[in-house]
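*Asks:* My questions all concern the structure below.
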Amino acid sequence: VSYFTSLSRQQEFEGNSKKVIPLFSITYFLAIFFSIVSCLRFDCVRNKAWVATFGVLSAGLAVLSAFGMLLYCGMPFAMTVANAPFLILGIGVDDMFIMISCWQQTKVHDSVADRLAETYKEAAVSITITTLTDVLAFYIGIMTPFRSVQSFCLYTGTAVLFCYLYNITFFGAFLALNGKREKGNRHWLTCMKVEQDCPAGRSKGYSMCCVGGAYDADTGCEKEQPVYMFFKRYYGPFLTNTWTKVFVVLLYGGYLASSIYGCLQMQEGIDLRNLAYDGSYVVNYYDDEDAYFSEYGPRTINITTPIKEKNMLNELREDVKNCVVPVLVYHPAFIYFDQYVVIVSNTIQNIAVATAVMLVIALLLIPNPLCSLWVTFAIGSVIVGVAGFMSFWNVNLDSISMINLVICIGFSVDFSAHISYAFVSNSKRDVNEKAVDALYTLGYPIVQGAVSTILGVVVLAAAESYIFRTFFKIMFLVILFGAVHGLTFLPVFLTFFGVCSKTGEVTSKKQSDVKDNESRNCIDGADHKESRYALTFTNHGLEQDDRAGPAAVDGRDVAISNAFGHPVTTSSHSLKREPYKQKASEMHADGHLDPDCS
């Protein structure tokens, strides 16, 4: 016997959240474990296990603060909000990895205040961009008429904001305390001072446990991790190879074609049995109803698809408009059928508005309009991919998947914004080198952030609820496609446009060739040997044309290269300070300017 009451659907729907609560502890354990493993070092001073632990704790405090504040203010807590803690954990850990990466690139002998300032200088912009885009994407979702979507977006957007505040205050403060410990060359666990050099005759185990504080003597920074060098020496050069670029473009074409095809196959509607958890008596009732009463019995017409349900509802409402006696068309299931009328238009509206807002933010915070357009392009590309591939994964367009598409807008900009900003802010002239440096700086943090976010939601794949499984599926697609765009597609596309850089830093190949020819014509004698050098001034905000030197060179960086492109180190203080008088001049091997070449 299958049974059902008028309250069954609502009670079973609300019971979904109780089924997922036990998964919270598993999620946070996985996040802490992954973060600690990622931040472990064989150096007992440079080890950042405690930093990783407090980074995860920072995300947890953000969830408690946001939820506590909104519940105190009386905001309704919909069942869909139970997804938010998993999401916030991934966002917080992602920002933590970015800050740790920037900290490791500071000088170890600088003061803690200077190291933290340098960390904020590099990381704060990227974190601010992603936070703004995430928060605005969620707050834009509040415009939807669905209460469950409104509640989810309000709670999650506020939690993201708290996560940002905790990262730049609570986590930043702990990073400073950890910096003081490193400054005193103290052990990461006992906080006791340790030796920097291993005494003679001691074992390797003693060296790992009781000796630490090593750093790179050439750069003055912490020693680079092997995975960073993988991006610099192997992955970056491989990705910027001409044939690899051709393959990436073809791969993107296949991805885009598949995504568009999937979008055309997308179905609307939600199966009402999916509102209850697996094994609920409601599921058995709906199964029996479809099996034995779909063509006769309680139903008078055969309504089996979302399109038919929407049309039936609209026809009934049109029919009762002409009745003399006021008639109300109602059925408990009609509250779900109503979403079919506006789900497509509202989804498109939210995506369009949020994408436009993302473009404005990118234009304001990324110092190049073309790169801002590339970030917006990445957003659209990821959204199309997620929408297309979720239809391949049997996920329909409904209020639940609509929530996740709103999430997609915020997350799709995260990785692309990090890479684009790193590319734009790089001072190198060659676009391939800029792409390699961007991957070297942020490649591993992006991988860490992607893996940590997936770990934050992977337990939902085992949830006994369609709602939470759908959340996992779409989040997995968002993170996967976002990471692929940030690590593969976007770096290649950025190299196609050399003007996507700081103003005054990049010149075209033609201009470079002209300058090289002018400097070579200035060499006295016909023998162009490597003992002859051409002097090129790097423009650091100084007005300069093709034939004049900089207005002042004292204290400025001066790039010296010979006629064959090999760099030569020199000091700008040794150059004569004659504004607008010197042309690109020739310098002999003895390091002096040729007075005849003026």
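Going through the structure tokens in order, the chains are called A, B, and so on, while each chain numbers its residues from 1 and the ligands are numbered from 1 in the order shown.
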Would you list, as a list of chain:residue names, the residues of segment 96-291 of chain A that end up in strand (DSSP E or B) under DSSP run on this structure's backbone?

*Replies:*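 The residues of segment 96-291 of chain A classed as strand (DSSP E or B) are A:Lys107, A:Arg186, A:Lys193, A:Glu195, A:Val211, A:Cys221, A:Glu268.
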
*Asks:* Report the closest atom pair, with its distance in Å rounded to one decimal, for each residue of segment 434-481 of chain A that has an atom no farther than 9 Å from segment 390-407 of chain A; count only C-alpha atoms, sort by chain and then rising residue number, and write it as a tab-separated table.

*Replies:*
residue	atom	partner	partner_atom	distance
A:Ile467	CA	A:Ile400	CA	6.7
A:Thr470	CA	A:Val395	CA	7.0
A:Phe471	CA	A:Asn404	CA	6.5
A:Lys473	CA	A:Met390	CA	7.6
A:Ile474	CA	A:Asn404	CA	6.3
A:Met475	CA	A:Asn404	CA	7.1
A:Leu477	CA	A:Met390	CA	7.8
A:Val478	CA	A:Ile407	CA	8.5

*Asks:* Write out, as a tab-separated table, each residue of segment 193-239 of chain A that has an atom at most 6 Å from segment 438-461 of chain A, together with the closest pair of atoms and their distance in Å to one decimal, counting only C-alpha atoms, rows going by chain and rising number.

*Replies:*
residue	atom	partner	partner_atom	distance
A:Tyr228	CA	A:Tyr440	CA	5.8
A:Phe231	CA	A:Tyr440	CA	5.1
A:Lys232	CA	A:Tyr440	CA	5.0

*Asks:* Write a file of the selected residues as a short mmCIF file (atom, residue, chain, number, x, y, z; two decimals), in the first residue's frame, keeping N, CA and C atoms.

*Replies:*
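The resulting file, result-v3.cif, is shown below:
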data_model
loop_
_atom_site.label_atom_id
_atom_site.label_comp_id
_atom_site.auth_asym_id
_atom_site.auth_seq_id
_atom_site.Cartn_x
_atom_site.Cartn_y
_atom_site.Cartn_z
N TYR A 228 55.70 24.18 -8.34
CA TYR A 228 55.79 25.49 -8.97
C TYR A 228 56.74 25.43 -10.17
N PHE A 231 55.23 24.08 -13.41
CA PHE A 231 54.52 25.04 -14.26
C PHE A 231 55.48 25.95 -15.01
N LYS A 232 56.62 26.26 -14.40
CA LYS A 232 57.56 27.19 -15.04
C LYS A 232 58.42 26.51 -16.08
#

*Asks:* Distance atom CA of Arg186 of chain A-atom CA of Ser111 of chain A, one decimal place?

*Replies:*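 Atom CA of Arg186 of chain A sits 15.8 Å away from atom CA of Ser111 of chain A.
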
*Asks:* Check segment 258-493 of chain A with DSSP on the backbone and list each residue it calls alpha helix (DSSP H), as a PyMOL selection string.

*Replies:* chain A and resi 258-264+281-292+306-320+334-337+339-365+369-392+399-425+431-458+466-484+490-493

*Asks:* Env of segment 382-388 of chain A: 9 Å cut, atoms = only C-alpha atoms, seq-sep filter 6 positions within chain, self excluded. Answer as a list in words.

*Replies:*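 Counting only the stated atoms, we get Tyr255, Leu256, Ser258, Ser259, Ile260, Tyr261, Gly262, Cys263, Leu264, Gln265, Met266, Ile351, Leu397, Leu405, Cys408, Ile409, Ser412, Val413, Ile474, Met475, Leu477, Val478, Phe481, Gly482 and His485 of chain A.
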
*Asks:* Let me make sure I understand: among A:Gly220, A:Gly236, A:Gly279, A:Gly212, which one has the smallest atom-to-atom distance to Asn432 of chain A if we use only C-alpha atoms?

*Replies:* A:Gly236

*Asks:* Skip Tyr286 of chain A itself and residues of its chain fewer than 6 positions away, then list as a PyMOL selection string all residues within 9 Å of it, counting only C-alpha atoms.

*Replies:* chain A and resi 2+272-273

*Asks:* Quote the spacing between atom CA of Phe86 of chain A and atom CA of Asp271 of chain A in Å to one decimal place.

*Replies:*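 Going from atom CA of Phe86 of chain A over to atom CA of Asp271 of chain A, I get 24.9 Å.
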
*Asks:* Rounded to one decimal, what separation in Å do you get between atom CA of Thr242 of chain A and atom CA of Val424 of chain A?

*Replies:*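 Distance reported for this atom pair: 21.2 Å.
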
*Asks:* Can you pull out the residues contacting segment 154-166 of chain A? Cut-off 8 Å, using only C-alpha atoms, and skip same-chain residues under 2 positions away; I want them as an MDAnalysis selection string.

*Replies:* chainID A and resid 58:59 61:63 65:67 70 81 84 88 91:92 127:128 131 134:139 142 150:152 168:171

*Asks:* Find, counting only C-alpha atoms, the residue in A:Arg469, A:Lys18, A:Arg46, A:Lys310 that gets nearest to Cys191 of chain A.

*Replies:*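 Among the listed residues, A:Arg46 lies closest to Cys191 of chain A.
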
*Asks:* Between segment 380-484 of chain A and segment 363-373 of chain A, at 9 Å or less, what are the per-residue closest atom pairs and their distances in Å? Count only C-alpha atoms, order by chain and rising residue number, and return it as a tab-separated table.

*Replies:*
residue	atom	partner	partner_atom	distance
A:Ala417	CA	A:Ile366	CA	8.3
A:Ser420	CA	A:Cys371	CA	6.4
A:Tyr421	CA	A:Ile366	CA	6.0
A:Phe423	CA	A:Cys371	CA	8.9
A:Val424	CA	A:Pro367	CA	7.1
A:Ser425	CA	A:Pro367	CA	8.0

*Asks:* Looking at only C-alpha atoms, which of A:Asp278, A:Asp414, A:Asp110, A:Glu433 is the one that sits closest to Phe238 of chain A?

*Replies:*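 Of A:Asp278, A:Asp414, A:Asp110, A:Glu433, the one nearest Phe238 of chain A is A:Glu433, counting only C-alpha atoms.
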
*Asks:* Give me the residues within 10 Å of Glu222 of chain A as a PyMOL selection string, counting only C-alpha atoms and dropping any in the same chain fewer than 5 places off.

*Replies:* chain A and resi 46+103-108+213-217
